[in-house]
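Peer 1: Structure file work05.cif (mmCIF, C-alpha atoms and all ligand atoms) is given on the next line.
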data_upload
loop_
_atom_site.label_atom_id
_atom_site.label_comp_id
_atom_site.auth_asym_id
_atom_site.auth_seq_id
_atom_site.Cartn_x
_atom_site.Cartn_y
_atom_site.Cartn_z
CA THR A 293 0.00 0.00 0.00
CA LYS A 294 0.95 3.61 -0.40
CA ASN A 295 1.84 5.31 2.87
CA GLY A 296 -1.38 7.24 3.31
CA ASP A 297 -3.62 4.27 2.55
CA ALA A 298 -2.50 2.21 5.51
CA VAL A 299 -4.96 4.06 7.71
CA MET A 300 -7.99 3.12 5.65
CA GLU A 301 -7.01 -0.47 5.23
CA LYS A 302 -6.53 -1.04 8.91
CA ASP A 303 -10.21 -0.12 9.39
CA LEU A 304 -11.15 -3.70 8.72
CA LEU A 305 -8.98 -5.10 11.47
CA SER A 306 -10.20 -5.85 14.96
CA HIS A 307 -8.77 -4.57 18.20
CA GLU A 308 -6.56 -7.61 18.72
CA ASP A 309 -5.34 -7.56 15.11
CA LEU A 310 -4.35 -3.93 15.41
CA ALA A 311 -2.61 -4.54 18.70
CA ALA A 312 -0.72 -7.49 17.28
CA ALA A 313 0.08 -5.79 13.97
CA ARG A 314 2.73 -3.82 15.84
CA GLY A 315 4.61 -6.93 16.89
CA MET A 316 4.23 -6.10 20.59
CA VAL A 317 1.36 -6.29 23.08
CA ASP A 318 3.05 -5.33 26.35
CA ASP A 319 1.28 -1.97 26.56
CA ILE A 320 -2.16 -3.60 26.90
CA PHE A 321 -3.73 -3.52 30.38
CA ASP A 322 -3.23 -6.78 32.29
CA GLU A 323 -6.43 -7.50 34.18
CA THR A 324 -5.00 -10.50 35.97
CA TYR A 325 -2.43 -8.60 38.03
CA ARG A 326 -3.25 -8.14 41.72
CA GLU A 327 -1.32 -5.91 44.12
CA LYS A 328 0.43 -7.71 46.96
CA GLU A 329 -1.45 -7.77 50.30
CA GLY A 330 -0.07 -6.18 53.45
CA PRO A 331 1.56 -2.85 54.28
CA LYS A 332 3.18 -0.81 51.49
CA PRO A 333 6.97 -0.40 51.59
CA PRO A 334 8.08 2.91 53.20
CA LEU A 335 8.96 5.91 51.00
CA ARG A 336 12.69 6.22 50.36
CA TYR A 337 13.51 9.80 49.40
CA VAL A 338 16.17 10.52 46.80
CA TRP A 339 17.58 13.80 48.08
CA ARG A 340 19.73 14.44 45.03
CA ASN A 341 16.59 14.55 42.87
CA ILE A 342 14.63 16.61 45.40
CA ILE A 343 17.39 19.23 45.46
CA LEU A 344 17.96 19.28 41.69
CA MET A 345 14.24 19.49 40.87
CA SER A 346 13.80 22.32 43.40
CA LEU A 347 16.73 24.24 41.90
CA LEU A 348 15.39 23.64 38.39
CA HIS A 349 11.99 25.06 39.28
CA LEU A 350 13.55 28.06 41.05
CA GLY A 351 15.64 28.65 37.92
CA ALA A 352 12.49 28.44 35.79
CA ILE A 353 10.79 31.09 37.93
CA PHE A 354 13.86 33.31 37.51
CA GLY A 355 13.60 32.64 33.75
CA LEU A 356 9.99 33.81 33.82
CA THR A 357 11.03 37.14 35.34
CA LEU A 358 13.56 37.61 32.49
CA ILE A 359 10.97 37.30 29.70
CA PRO A 360 10.28 41.07 29.43
CA SER A 361 14.00 41.76 28.87
CA ALA A 362 14.52 38.99 26.30
CA LYS A 363 14.84 39.59 22.55
CA ILE A 364 11.95 38.36 20.45
CA GLN A 365 14.24 35.95 18.54
CA THR A 366 15.21 34.37 21.86
CA LEU A 367 11.58 33.75 22.77
CA ALA A 368 10.90 32.30 19.31
CA TRP A 369 13.96 30.06 19.71
CA ALA A 370 12.68 28.88 23.12
CA VAL A 371 9.33 27.96 21.54
CA LEU A 372 11.13 26.09 18.76
CA CYS A 373 13.23 24.17 21.30
CA PHE A 374 10.02 23.35 23.19
CA VAL A 375 8.22 22.01 20.12
CA VAL A 376 11.22 19.97 18.92
CA SER A 377 11.78 18.49 22.39
CA ALA A 378 8.08 17.74 22.77
CA LEU A 379 7.99 15.88 19.44
CA GLY A 380 10.97 13.82 20.62
CA ILE A 381 8.71 12.63 23.42
CA THR A 382 5.26 12.47 21.77
CA ALA A 383 6.12 11.29 18.26
CA GLY A 384 9.31 9.56 19.47
CA SER A 385 9.48 7.78 22.80
CA HIS A 386 5.69 7.70 23.16
CA ARG A 387 3.88 6.93 19.89
CA LEU A 388 6.74 5.33 17.97
CA TRP A 389 8.88 3.49 20.51
CA SER A 390 6.50 2.74 23.41
CA HIS A 391 3.44 1.86 21.38
CA ARG A 392 4.77 1.03 17.89
CA SER A 393 1.75 2.86 16.47
CA TYR A 394 3.57 3.69 13.20
CA LYS A 395 6.89 2.96 11.51
CA ALA A 396 9.73 5.44 11.06
CA THR A 397 12.70 5.34 8.68
CA LEU A 398 16.27 5.74 9.91
CA PRO A 399 16.53 9.51 9.23
CA LEU A 400 13.32 10.16 11.16
CA ARG A 401 14.47 7.95 14.04
CA ILE A 402 17.73 9.89 14.18
CA PHE A 403 15.85 13.21 14.25
CA LEU A 404 13.47 11.96 16.96
CA THR A 405 16.37 10.67 19.05
CA ILE A 406 18.14 14.03 18.87
CA ALA A 407 14.86 15.78 19.75
CA ASN A 408 14.43 13.31 22.60
CA SER A 409 17.75 14.32 24.15
CA VAL A 410 16.69 17.99 23.94
CA ALA A 411 13.72 16.96 26.14
CA PHE A 412 15.88 15.15 28.77
CA GLN A 413 13.23 12.78 30.15
CA ASN A 414 15.50 9.78 30.64
CA ASP A 415 16.81 7.87 27.64
CA ILE A 416 14.30 6.33 25.23
CA TYR A 417 14.94 2.79 26.50
CA GLU A 418 14.16 3.73 30.12
CA TRP A 419 11.18 5.90 29.10
CA VAL A 420 9.67 3.05 27.07
CA ARG A 421 10.22 0.51 29.85
CA ASP A 422 8.49 2.74 32.41
CA HIS A 423 5.72 3.62 29.96
CA ARG A 424 4.86 0.05 29.03
CA VAL A 425 4.53 -0.92 32.72
CA HIS A 426 2.41 2.21 33.17
CA HIS A 427 -0.10 0.94 30.60
CA LYS A 428 0.07 -2.75 31.45
CA PHE A 429 -0.31 -2.25 35.22
CA SER A 430 -2.03 1.14 35.20
CA GLU A 431 -3.03 2.54 38.61
CA THR A 432 -1.42 -0.23 40.64
CA ASP A 433 1.82 -0.63 42.61
CA ALA A 434 3.54 -1.73 39.40
CA ASP A 435 2.73 1.58 37.67
CA PRO A 436 5.73 3.93 38.12
CA HIS A 437 3.49 7.03 38.42
CA ASN A 438 0.45 5.32 39.94
CA ALA A 439 -2.24 8.03 40.02
CA MET A 440 -3.99 6.28 42.93
CA ARG A 441 -1.20 7.77 45.05
CA GLY A 442 -2.44 11.29 44.33
CA PHE A 443 -1.76 14.29 42.12
CA PHE A 444 1.66 15.15 43.54
CA PHE A 445 3.02 11.61 43.32
CA SER A 446 1.87 11.02 39.73
CA HIS A 447 3.07 14.48 38.68
CA ILE A 448 6.61 14.77 40.07
CA GLY A 449 6.76 12.82 43.35
CA TRP A 450 7.50 9.51 41.62
CA LEU A 451 10.83 10.96 40.39
CA LEU A 452 11.85 11.92 43.94
CA VAL A 453 11.60 8.50 45.64
CA ARG A 454 12.79 4.93 44.94
CA LYS A 455 10.44 2.90 42.78
CA HIS A 456 7.96 0.44 44.24
CA PRO A 457 9.60 -3.02 43.94
CA ASP A 458 6.66 -4.25 41.82
CA VAL A 459 7.51 -1.72 39.08
CA ILE A 460 10.93 -3.33 38.73
CA GLU A 461 9.67 -6.90 39.16
CA LYS A 462 6.96 -6.50 36.51
CA GLY A 463 9.12 -4.31 34.29
CA GLN A 464 11.77 -7.01 34.07
CA LYS A 465 9.23 -9.35 32.48
CA LEU A 466 8.34 -6.93 29.67
CA ASP A 467 9.30 -7.71 26.11
CA LEU A 468 11.70 -4.94 25.10
CA SER A 469 13.36 -6.84 22.26
CA ASP A 470 12.11 -4.34 19.68
CA ILE A 471 13.77 -1.49 21.59
CA LYS A 472 17.00 -3.38 22.16
CA ALA A 473 17.12 -4.08 18.42
CA ASP A 474 16.95 -0.38 17.52
CA LYS A 475 20.57 0.73 17.13
CA VAL A 476 19.67 4.43 17.27
CA VAL A 477 17.94 3.98 20.64
CA MET A 478 20.82 1.96 22.08
CA PHE A 479 23.33 4.52 20.79
CA GLN A 480 21.42 7.25 22.63
CA ARG A 481 21.39 5.16 25.82
CA LYS A 482 25.16 4.70 25.63
CA TYR A 483 25.89 8.42 25.18
CA TYR A 484 22.87 9.75 27.05
CA LYS A 485 24.57 12.08 29.55
CA PRO A 486 26.77 13.95 27.05
CA SER A 487 23.85 14.14 24.62
CA VAL A 488 21.74 15.88 27.27
CA VAL A 489 24.49 18.31 28.27
CA LEU A 490 24.90 19.23 24.63
CA LEU A 491 21.31 19.20 23.36
CA CYS A 492 19.14 20.11 26.36
CA PHE A 493 21.38 22.78 27.90
CA THR A 494 24.35 23.86 25.75
CA LEU A 495 22.83 24.21 22.29
CA PRO A 496 19.67 26.09 23.43
CA THR A 497 21.96 28.51 25.35
CA VAL A 498 24.66 29.07 22.76
CA VAL A 499 22.44 29.82 19.75
CA PRO A 500 20.83 33.10 21.01
CA TRP A 501 24.09 34.25 22.57
CA TYR A 502 26.15 33.60 19.42
CA PHE A 503 23.70 34.50 16.64
CA TRP A 504 21.88 37.55 17.97
CA ASP A 505 23.95 38.70 20.94
CA GLU A 506 21.46 37.74 23.61
CA SER A 507 22.88 37.93 27.14
CA ILE A 508 24.25 34.60 28.32
CA ILE A 509 22.03 34.71 31.42
CA ILE A 510 18.82 35.10 29.42
CA SER A 511 20.04 32.53 26.88
CA PHE A 512 20.52 29.99 29.66
CA PHE A 513 17.46 30.67 31.80
CA ILE A 514 14.81 30.96 29.06
CA PRO A 515 15.49 28.56 26.13
CA ALA A 516 17.26 26.01 28.35
CA ILE A 517 15.97 26.08 31.95
CA LEU A 518 12.47 27.56 31.58
CA ARG A 519 11.75 25.71 28.34
CA TYR A 520 12.92 22.39 29.86
CA THR A 521 10.84 22.90 33.01
CA ILE A 522 7.69 23.72 31.03
CA GLY A 523 8.26 20.62 28.89
CA LEU A 524 8.55 18.43 31.98
CA ASN A 525 5.41 19.84 33.59
CA ALA A 526 3.40 19.58 30.37
CA THR A 527 4.38 15.91 30.21
CA TRP A 528 3.72 15.25 33.88
CA LEU A 529 0.22 16.75 33.56
CA VAL A 530 -0.64 13.77 31.36
CA ASN A 531 0.16 11.50 34.30
CA SER A 532 -1.53 13.66 36.94
CA ALA A 533 -4.33 15.89 35.56
CA ALA A 534 -5.27 13.62 32.65
CA HIS A 535 -5.63 10.73 35.10
CA MET A 536 -8.00 12.81 37.29
CA PHE A 537 -9.92 15.55 35.47
CA GLY A 538 -12.10 15.06 32.39
CA ASN A 539 -14.72 12.83 30.77
CA ARG A 540 -14.46 9.13 30.10
CA PRO A 541 -16.37 8.61 26.83
CA TYR A 542 -14.55 5.38 25.88
CA ASP A 543 -14.16 3.50 29.15
CA GLN A 544 -15.62 4.69 32.43
CA ASN A 545 -14.03 1.80 34.31
CA ILE A 546 -10.52 3.28 34.06
CA ASN A 547 -9.17 6.51 35.52
CA PRO A 548 -7.49 8.20 32.52
CA ARG A 549 -9.59 11.08 31.14
CA GLU A 550 -10.11 13.29 28.10
CA ASN A 551 -8.44 16.59 28.96
CA PRO A 552 -8.22 19.09 26.05
CA LEU A 553 -6.20 21.59 28.11
CA VAL A 554 -3.51 19.00 28.75
CA SER A 555 -3.59 18.10 25.05
CA LEU A 556 -2.95 21.72 24.16
CA GLY A 557 0.28 21.83 26.20
CA ALA A 558 1.33 18.26 25.42
CA LEU A 559 0.85 18.43 21.63
CA GLY A 560 -2.11 16.04 21.58
CA GLU A 561 -1.38 13.69 24.48
CA GLY A 562 -4.25 14.69 26.79
CA PHE A 563 -6.92 12.49 25.18
CA HIS A 564 -5.97 9.96 27.76
CA ASN A 565 -9.17 7.96 28.17
CA TYR A 566 -8.99 7.23 24.44
CA HIS A 567 -5.28 6.50 24.63
CA HIS A 568 -5.51 3.96 27.47
CA THR A 569 -8.46 2.31 25.68
CA PHE A 570 -6.71 2.14 22.29
CA PRO A 571 -2.96 2.48 23.03
CA TYR A 572 -1.96 1.37 19.52
CA ASP A 573 -3.73 4.27 17.74
CA TYR A 574 -1.01 6.54 16.27
CA SER A 575 -3.15 9.64 16.85
CA THR A 576 -4.02 9.00 20.55
CA SER A 577 -7.44 10.50 19.69
CA GLU A 578 -10.30 10.04 17.24
CA PHE A 579 -10.25 13.71 16.21
CA GLY A 580 -7.24 13.94 13.89
CA TRP A 581 -5.33 17.23 14.10
CA ARG A 582 -7.57 18.89 16.71
CA PHE A 583 -5.26 19.94 19.61
CA ASN A 584 -2.87 17.38 18.18
CA LEU A 585 0.26 18.80 16.54
CA THR A 586 1.94 15.41 16.95
CA THR A 587 -0.56 13.74 14.64
CA ALA A 588 -0.07 16.51 12.07
CA PHE A 589 3.69 15.97 12.36
CA ILE A 590 3.43 12.18 11.85
CA ASP A 591 1.07 12.68 8.89
CA PHE A 592 3.52 15.15 7.37
CA MET A 593 6.37 12.64 7.85
CA CYS A 594 4.28 10.05 5.99
CA LEU A 595 3.76 12.54 3.18
CA LEU A 596 7.55 12.92 2.94
CA GLY A 597 7.95 9.14 2.94
CA LEU A 598 9.79 9.16 6.26
CA ALA A 599 7.04 7.33 8.17
CA SER A 600 4.45 4.70 7.28
CA ASP A 601 2.02 2.11 8.60
CA ARG A 602 -0.05 4.33 10.91
CA LYS A 603 -2.35 2.22 13.09
CA LYS A 604 -5.81 3.73 13.41
CA VAL A 605 -8.94 2.43 15.11
CA SER A 606 -12.04 2.48 12.91
CA LYS A 607 -15.04 4.72 13.68
CA GLU A 608 -17.22 1.60 14.04
CA VAL A 609 -14.97 0.04 16.67
CA ILE A 610 -14.77 3.34 18.55
CA LEU A 611 -18.54 3.78 18.54
CA ALA A 612 -19.18 0.22 19.67
CA ARG A 613 -16.73 0.71 22.52
CA LYS A 614 -18.35 3.99 23.57
CA MET A 615 -21.74 2.27 23.72
CA ARG A 616 -20.37 -0.66 25.68
CA THR A 617 -18.09 0.96 28.27
CA GLY A 618 -18.27 4.77 27.85
CA ASP A 619 -19.74 7.23 30.35
CA GLY A 620 -22.16 8.62 27.74
CA SER A 621 -20.42 12.02 27.63
CA HIS A 622 -19.76 11.83 23.86
CA LYS A 623 -23.49 12.45 23.20
CA SER A 624 -23.37 15.88 24.84
CA GLY A 625 -20.02 16.78 23.27
C1 LIG A 701 10.87 12.44 33.30
C2 LIG A 701 10.15 11.30 32.68
O1 LIG A 701 10.36 13.48 33.55
C3 LIG A 701 8.74 11.66 32.34
C4 LIG A 701 8.00 10.49 31.82
C5 LIG A 701 6.55 10.78 31.78
C6 LIG A 701 5.74 9.74 31.15
C7 LIG A 701 4.54 10.39 30.52
C8 LIG A 701 3.52 9.46 30.04
C9 LIG A 701 2.44 10.17 29.31
C10 LIG A 701 2.44 9.88 27.86
C11 LIG A 701 2.30 11.05 26.96
C12 LIG A 701 3.55 11.84 26.70
C13 LIG A 701 3.32 13.30 26.76
C14 LIG A 701 4.47 14.14 26.35
C15 LIG A 701 4.14 15.60 26.26
C16 LIG A 701 5.32 16.43 25.89
C17 LIG A 701 5.04 17.90 26.02
C18 LIG A 701 6.31 18.73 26.19
N1 LIG A 701 11.27 -2.06 34.51
O2 LIG A 701 15.05 3.99 37.92
P1 LIG A 701 16.01 3.34 38.87
C19 LIG A 701 15.48 -1.55 37.33
S1 LIG A 701 12.55 12.20 33.61
C20 LIG A 701 12.27 -2.91 34.72
O3 LIG A 701 17.24 4.09 39.22
P2 LIG A 701 15.23 3.56 41.66
C21 LIG A 701 16.59 -1.51 36.32
O4 LIG A 701 17.40 -2.63 36.44
C22 LIG A 701 13.13 13.71 34.23
N2 LIG A 701 13.32 -2.62 35.48
O5 LIG A 701 15.18 2.93 40.20
C23 LIG A 701 17.31 -0.25 36.73
O6 LIG A 701 18.61 -0.20 36.28
P3 LIG A 701 18.93 0.20 34.72
C24 LIG A 701 14.62 13.73 34.35
C25 LIG A 701 13.37 -1.43 36.05
O7 LIG A 701 16.53 3.30 42.30
C26 LIG A 701 17.24 -0.32 38.24
O8 LIG A 701 15.96 -0.92 38.51
N3 LIG A 701 15.15 12.57 34.98
C27 LIG A 701 12.35 -0.49 35.87
O9 LIG A 701 14.02 3.10 42.37
C28 LIG A 701 17.33 1.02 38.91
O10 LIG A 701 16.39 1.92 38.28
C29 LIG A 701 15.18 12.39 36.31
O11 LIG A 701 14.75 13.25 37.05
C30 LIG A 701 11.27 -0.84 35.06
N4 LIG A 701 10.25 0.00 34.81
O12 LIG A 701 15.18 5.13 41.40
C31 LIG A 701 15.75 11.09 36.81
N5 LIG A 701 12.67 0.62 36.54
O13 LIG A 701 18.14 1.46 34.40
C32 LIG A 701 14.68 10.44 37.56
C33 LIG A 701 13.84 0.37 37.15
O14 LIG A 701 20.38 0.42 34.71
N6 LIG A 701 14.90 9.06 37.88
N7 LIG A 701 14.27 -0.88 36.85
O15 LIG A 701 18.46 -0.92 33.89
C34 LIG A 701 15.61 8.59 38.94
O16 LIG A 701 16.42 9.27 39.52
C35 LIG A 701 15.27 7.21 39.40
O17 LIG A 701 14.63 6.51 38.36
C36 LIG A 701 14.32 7.23 40.66
C37 LIG A 701 13.99 5.79 41.04
C38 LIG A 701 14.99 7.93 41.80
C39 LIG A 701 13.01 7.92 40.30
ZN ZN A 702 1.00 5.67 26.20
ZN ZN A 703 -1.60 7.22 31.54
#
Show the structure stored in the file as structure tokens.

Peer 2:
Amino acid sequence: TKNGDAVMEKDLLSHEDLAAARGMVDDIFDETYREKEGPKPPLRYVWRNIILMSLLHLGAIFGLTLIPSAKIQTLAWAVLCFVVSALGITAGSHRLWSHRSYKATLPLRIFLTIANSVAFQNDIYEWVRDHRVHHKFSETDADPHNAMRGFFFSHIGWLLVRKHPDVIEKGQKLDLSDIKADKVVMFQRKYYKPSVVLLCFTLPTVVPWYFWDESIIISFFIPAILRYTIGLNATWLVNSAAHMFGNRPYDQNINPRENPLVSLGALGEGFHNYHHTFPYDYSTSEFGWRFNLTTAFIDFMCLLGLASDRKKVSKEVILARKMRTGDGSHKSG
């Protein structure tokens, strides 16, 4: 088939077929898992992370106060860095590598890996491992950012304490062979720290300072520190807000919700009730480009021949699912 036609053809496939068509099923919710009985293990704080995250957020607030004195090119550059880094997460570690919801050629994988290091959210391998356990064992002890533990924990708290042992136990049983086989991903893992120093902090700082004589302070605190902090919080809102606030038109038995505001900041990743119901859909929503720059980006990559094989759930399957398990909110929307 031609690139663009893959979407239509997949309409005839069932849920299971679509899931399996990706060659991996470890992001599908496992209903058989039960949390262990008895008291929960005590919290073990990781003070290094608590201190670094506090400093980062203080730096971001300082960056905010510098906005009125920044050159317009610097602000535009910060937005560009934000969008590129966000695509490295949404189109990269999320929709491509975690869920295999489309295929990407080598040049696109290289671009997404570079963009992913700009975002500095752990290397792709680690991100995918944590994300697959998040879907498979959603809202249990084996979910790294278990939203049952509250807004703060699912937002940032989970990065400030040691993981629940069940995350590691269950995570070790995941099939990550597809990720291990991707040489670009494993190259990033090997050189992750230098790639972050260069791409998340140095490059965003040097460009405004070198090309349009921005002050080095503004160059560092806006396109690097503030932009990075906003990217983190936009991502974390998917784990916190989009697991708590919004409708559940596709499955009212799970916590993830439809949250358009989160989608706006996270380039399309806030349609989270849909996404947990149909994790293999490349668009993470039934509404195409609406609040969904990532889908527009993937479609554009297909047009250029750099991506293909987009997995899309048919309207019929979506409607049947809404009728069967939805909360009825789609009728009013
Ligand atoms: C960050 C990530 O922010 C954000 C991810 C968010 C996910 C979002 C999902 C929503 C989807 C939509 C995307 C929207 C995007 C929007 C973009 C808009 C801009 N399985 O981890 P360690 C084993 S990162 C199997 O140290 P501790 C493994 O052997 C921010 N095994 O555990 C491992 O060793 P290795 C920047 C696992 O000691 C070993 O355990 N980064 C698993 O409990 C030790 O692992 C940071 O701040 C597993 N799942 O420490 C760093 N996990 O890796 C934060 C572990 O060698 N992280 N193992 O194989 C840390 O410092 C630590 O992980 C810790 C836990 C302190 C949190
Ligand atoms: Zn996901
Ligand atoms: Zn989720």

Peer 1: What are the closest atom pairs, with distances in Å to one decimal, for each residue of chain A lying within 7 Å of ligand ZN 702 (chain A), using all atoms listed in the file, rows by chain and rising residue number, as CSV?

Peer 2:
residue,atom,partner,partner_atom,distance
A:His386,CA,A:ZN702,ZN,5.9
A:Ser390,CA,A:ZN702,ZN,6.8
A:His391,CA,A:ZN702,ZN,6.6
A:His423,CA,A:ZN702,ZN,6.4
A:His427,CA,A:ZN702,ZN,6.6
A:His567,CA,A:ZN702,ZN,6.5
A:His568,CA,A:ZN702,ZN,6.8
A:Pro571,CA,A:ZN702,ZN,6.0

Peer 1: Counting all atoms listed in the file, which residues of chain A sit at most 6 Å from some atom of ligand LIG 701 (chain A), and what is each one's closest atom pair with its distance in Å to one decimal, listed by chain and rising residue number, as CSV?

Peer 2:
residue,atom,partner,partner_atom,distance
A:Val338,CA,A:LIG701,C38,5.8
A:Ala378,CA,A:LIG701,C18,4.0
A:Ile381,CA,A:LIG701,C14,5.4
A:Thr382,CA,A:LIG701,C14,4.9
A:His386,CA,A:LIG701,C12,5.9
A:Phe412,CA,A:LIG701,C24,5.9
A:Gln413,CA,A:LIG701,S1,3.6
A:Asn414,CA,A:LIG701,S1,4.8
A:Arg421,CA,A:LIG701,N4,5.0
A:Asp422,CA,A:LIG701,N4,4.0
A:Trp450,CA,A:LIG701,C39,5.9
A:Leu451,CA,A:LIG701,C39,3.7
A:Leu452,CA,A:LIG701,C38,5.5
A:Val453,CA,A:LIG701,C38,5.2
A:Arg454,CA,A:LIG701,O9,3.4
A:Lys455,CA,A:LIG701,O9,3.6
A:Val459,CA,A:LIG701,N4,5.4
A:Ile460,CA,A:LIG701,C25,4.1
A:Gly463,CA,A:LIG701,N1,3.1
A:Gln464,CA,A:LIG701,C20,4.2
A:Gly523,CA,A:LIG701,C18,3.8
A:Leu524,CA,A:LIG701,O1,5.5
A:Ala526,CA,A:LIG701,C17,4.9
A:Thr527,CA,A:LIG701,C15,4.0
A:Trp528,CA,A:LIG701,C5,5.7
A:Val530,CA,A:LIG701,C9,5.2
A:Asn531,CA,A:LIG701,C9,5.6
A:Ala558,CA,A:LIG701,C17,3.8
A:Glu561,CA,A:LIG701,C11,5.2

Peer 1: Pick from A:Val477, A:Ala370, A:Ile546, A:Ile509: nearest to ligand ZN 703 (chain A), with all atoms listed in the file counted?

Peer 2: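 Checking each candidate against ligand ZN 703 (chain A), we get A:Ile546 as the closest.
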
Peer 1: Restricting the calculation to all atoms listed in the file: of A:Glu578, A:Glu329, A:Asp435, A:Glu323, which residue gets closest to ligand ZN 703 (chain A)?

Peer 2: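 Of A:Glu578, A:Glu329, A:Asp435, A:Glu323, the one nearest ligand ZN 703 (chain A) is A:Asp435, counting all atoms listed in the file.
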
Peer 1: Would you pick out the contacts of Phe493 (chain A) at 10 Å or less, using all atoms listed in the file, so that residues sharing its chain but fewer than 4 positions from it are not included, and give the list as a PyMOL selection string?

Peer 2: chain A and resi 409-412+487-489+497-498+511-513+515-517+520

Peer 1: May I have the selected residues written with C-alpha atoms, as a compact mmCIF listing (two decimals), in the coordinates of the input?

Peer 2:
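Once written, part_17.txt looks like this:
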# COMPACT_ATOMS: atom_id res chain seq x y z
CA SER A 409 17.75 14.32 24.15
CA VAL A 410 16.69 17.99 23.94
CA ALA A 411 13.72 16.96 26.14
CA PHE A 412 15.88 15.15 28.77
CA SER A 487 23.85 14.14 24.62
CA VAL A 488 21.74 15.88 27.27
CA VAL A 489 24.49 18.31 28.27
CA THR A 497 21.96 28.51 25.35
CA VAL A 498 24.66 29.07 22.76
CA SER A 511 20.04 32.53 26.88
CA PHE A 512 20.52 29.99 29.66
CA PHE A 513 17.46 30.67 31.80
CA PRO A 515 15.49 28.56 26.13
CA ALA A 516 17.26 26.01 28.35
CA ILE A 517 15.97 26.08 31.95
CA TYR A 520 12.92 22.39 29.86

Peer 1: Check every protein, DNA and RNA residue against ligand ZN 703 (chain A), keep those with an atom at most 9 Å away (counting only C-alpha atoms and all ligand atoms), and present them as a list in words.

Peer 2: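 The neighbouring residues of ligand ZN 703 (chain A) are, in order, His423, His426, His427, Ser430, Glu431, His437, Asn438, Ala439, Val530, Asn531, Ser532, Ala534, His535, Asn547, Pro548, Arg549, His564, Asn565, His567 and His568 of chain A.
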
Peer 1: Within 12 Å of Ile359 (chain A), counting all atoms listed in the file, which residues qualify if same-chain residues fewer than 3 places away don't, as a list of chain:residue names?

Peer 2: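 Listing them by chain and then by number gives A:Ala352, A:Ile353, A:Phe354, A:Gly355, A:Leu356, A:Ala362, A:Lys363, A:Ile364, A:Gln365, A:Thr366, A:Leu367, A:Ala368, A:Ala370, A:Ile509, A:Ile510, A:Ser511, A:Phe513, A:Ile514, A:Pro515, A:Leu518, A:Arg519.
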
Peer 1: Provide the CA of Val476 (chain A) to CA of Leu598 (chain A) distance in Å, to one decimal place.

Peer 2: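 Here the two named atoms are 15.5 Å from each other.
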
Peer 1: Would you please work out which residue, of A:Asp619, A:Val609, A:Lys603, A:Gly597, is nearest to Tyr542 (chain A) when using all atoms listed in the file?

Peer 2: A:Asp619

Peer 1: Taking 6 positions as the minimum chain separation for residues in the same chain, which residues sit within 12 Å of Phe479 (chain A) when counting only C-alpha atoms? Answer as a PyMOL selection string.

Peer 2: chain A and resi 401-402+405-406+409+415-417+471-473+485-487

Peer 1: Which is closer to Ser377 (chain A) than all the others in A:Pro541, A:Gly620, A:Pro331, A:Pro496, using only C-alpha atoms?

Peer 2: A:Pro496

Peer 1: Please provide the set of residues having any atom within 12 Å of Thr617 (chain A), restricted to all atoms listed in the file, with same-chain residues fewer than 2 positions apart removed, written as a list of chain:residue names.

Peer 2: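 Those residues are A:Arg540, A:Pro541, A:Tyr542, A:Asp543, A:Gln544, A:Asn545, A:Ile546, A:Asn565, A:Tyr566, A:Thr569, A:Ile610, A:Leu611, A:Ala612, A:Arg613, A:Lys614, A:Met615, A:Asp619, A:Gly620, A:Ser621, A:His622.
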
Peer 1: Next, the residues of the selection above should be written as an mmCIF file, keeping the file's coordinate frame with C-alpha atoms.

Peer 2:
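Just written: again14.cif:
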data_model
loop_
_atom_site.group_PDB
_atom_site.id
_atom_site.type_symbol
_atom_site.label_atom_id
_atom_site.label_comp_id
_atom_site.auth_asym_id
_atom_site.auth_seq_id
_atom_site.Cartn_x
_atom_site.Cartn_y
_atom_site.Cartn_z
ATOM 1 C CA ARG A 540 -14.460 9.130 30.100
ATOM 2 C CA PRO A 541 -16.370 8.610 26.830
ATOM 3 C CA TYR A 542 -14.550 5.380 25.880
ATOM 4 C CA ASP A 543 -14.160 3.500 29.150
ATOM 5 C CA GLN A 544 -15.620 4.690 32.430
ATOM 6 C CA ASN A 545 -14.030 1.800 34.310
ATOM 7 C CA ILE A 546 -10.520 3.280 34.060
ATOM 8 C CA ASN A 565 -9.170 7.960 28.170
ATOM 9 C CA TYR A 566 -8.990 7.230 24.440
ATOM 10 C CA THR A 569 -8.460 2.310 25.680
ATOM 11 C CA ILE A 610 -14.770 3.340 18.550
ATOM 12 C CA LEU A 611 -18.540 3.780 18.540
ATOM 13 C CA ALA A 612 -19.180 0.220 19.670
ATOM 14 C CA ARG A 613 -16.730 0.710 22.520
ATOM 15 C CA LYS A 614 -18.350 3.990 23.570
ATOM 16 C CA MET A 615 -21.740 2.270 23.720
ATOM 17 C CA ASP A 619 -19.740 7.230 30.350
ATOM 18 C CA GLY A 620 -22.160 8.620 27.740
ATOM 19 C CA SER A 621 -20.420 12.020 27.630
ATOM 20 C CA HIS A 622 -19.760 11.830 23.860
#

Peer 1: Taking all atoms listed in the file into account, which of A:Met316, A:Ile508, A:Leu350, A:Ala434 comes nearest Leu388 (chain A)?

Peer 2: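 Going through A:Met316, A:Ile508, A:Leu350, A:Ala434 one by one, the smallest distance to Leu388 (chain A) is for A:Met316.
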
Peer 1: Which value, in Å to one decimal, gives the distance between CA of Ile320 (chain A) and CA of Phe570 (chain A)?

Peer 2: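 A separation of 8.7 Å between them.
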
Peer 1: With distances taken over all atoms listed in the file, which residue among A:Leu595, A:Met536, A:Ala311, A:Leu466 lies nearest Lys428 (chain A)?

Peer 2: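 Among the listed residues, A:Leu466 lies closest to Lys428 (chain A).
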